[in-house]
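> Below you'll find the structure I mean.
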Amino acid sequence: LCTFTTKGLAVNIDGKQGKISIQKEGSVKKFVKKVFERTFSGEEAVRRGQKVFYVTERAVFRRTSKHEVLELIEIAPGVDLQKDIFDQMEFEPFVSPDLKVMDRRIFLDGKMNLELFGSLEERVKYREEDHTVFIDLFGISLLSEQDVTWFADSLDEILTPITFQRGPVDVVVNYDGYDLKTGLEEKYMKALEKVEAKHYRNVKRYSGKAFRAAKLNTLAKIKPWNAASVFKEMDEDGDGYLFPEELRRGIRKHFGIKLKPNELQSLCESHVTVHNFTDIVGKCLRMR
């Protein structure tokens with residue numbers, strides 16, 4: 001994370017509207033054609049299969065093998081694309097066709113609640129074959145009554161379409177790394193009792209390895225998964241290859257396995273293609 005320019009830069013953040021404005025531009029540009037000293041090579045990182053992002057107060061860039069220059073993927077709300085970005089660079093970046101505005105919560109007053117808001121749906125995995133839901137609460141902290149209400153309401157919203165079609169589900173919950181602030185226990189239990197009565201058939205609560213083992217045990221019993229579809233979903237940049245970081249994130253998302261660096265290296269020394277993808281996943285599952 002760095003500022004776009006330096007030496008005299010003055011930025012105004014509108015905490016109510018969630019946007020920024022450049023009051024005074026810095027006299028020294030940072031996005032230049034040549035540097036005096038190189039301490040990090042984006043090109044080398046990409047060659048190794050790593051994801052490279054450059055995050056500033058007004059824009060986010062990505063470095064991939066697709067382009068010879070940085071790719072502009074996000075701009076801050078309130079920023080002028082030409083005046084505040086292009087005119088402050090010594091080279092022209094590639095502009096993503098899917099250019100987005102940065103999340104306004106970054107610039108709003110108050111907490112962003114990143115771990116809670118917008119992330120719970122990604123932590124709930126439904127296995128249609130055996131009508132089982134896996135809920136991974138690792139890293140989630142409920143620190144206020146508002147958090148508890150949001151959690152219960154969000155879980156109800158996620159589960160409603162599932163149970164509406166097929167009735168109550170079997171639920172497996174990971175409580176490892178989960179935190180509930182002291183004093184909220186009663187409100188939490190009452191809120192969860194309503195969700196459980198409406199959606200749960202059975203519930204098992206695990207932590208850490210026990211949760212992963214339960215998830216993999218269920219996976220072993222379901223019908224064969226579509227390797228091509230899973231590969232396509234894991235191929236984040238759509239280049240037909242899975243580099244180490246893509247494989248690591250995809251394995252964790254789809255199979256609930258967090259690979260150690262040495263395990264990742266043994267599975268994927270360079271990259272994975274759709275042709276050897278099934279073999280790689282098989283090796284990964286056998287590690288557990």
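Residues in the structure tokens are numbered from 1 in each chain, the chains being A, B, ... in the order shown, and ligands are numbered from 1 in the order shown.
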Report as a list in words all protein, DNA and RNA residues lying within 7 Å of region 272-287 of chain A, evaluated on only C-alpha atoms, omitting residues in the same chain fewer than 3 positions from it.
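Residues meeting the cut-off are Ala227, Ala228, Phe231, Gly240, Tyr241, Leu242, Phe243, Leu267 and Cys268 of chain A.
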> Can you pull out every residue within 9 Å of Lys33 (chain A), counting only C-alpha atoms, but drop anything in the same chain fewer than 3 positions away, and send it as a list in words?
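So the residues in contact are Met89, Glu90 and Phe91 of chain A.
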> So that I can check the secondary structure, give me every residue of region 25-221 of chain A assigned strand (DSSP E) by backbone DSSP, as a PyMOL selection string.
chain A and resi 28-29+52-55+59-63+71-75+94-101+124-127+132-136+141-142+169-174+179-180+200-206
> Report the distance between CA of Gly256 (chain A) and CA of Phe151 (chain A) in Å, rounded to one decimal place.
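Computing it gives 21.4 Å between the two atoms.
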> If you count only C-alpha atoms, which residues fall within 10 Å of region 105-111 of chain A, apart from same-chain ones fewer than 2 positions away, as a PyMOL selection string?
chain A and resi 13-20+57+76-77+102-103+113-114
> Using only C-alpha atoms, which residue out of A:Ala191, A:Val60, A:Val133, A:Asp87 lies closest to Val101 (chain A)?
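Checking each of A:Ala191, A:Val60, A:Val133, A:Asp87 against Val101 (chain A), counting only C-alpha atoms, the winner is A:Val60.
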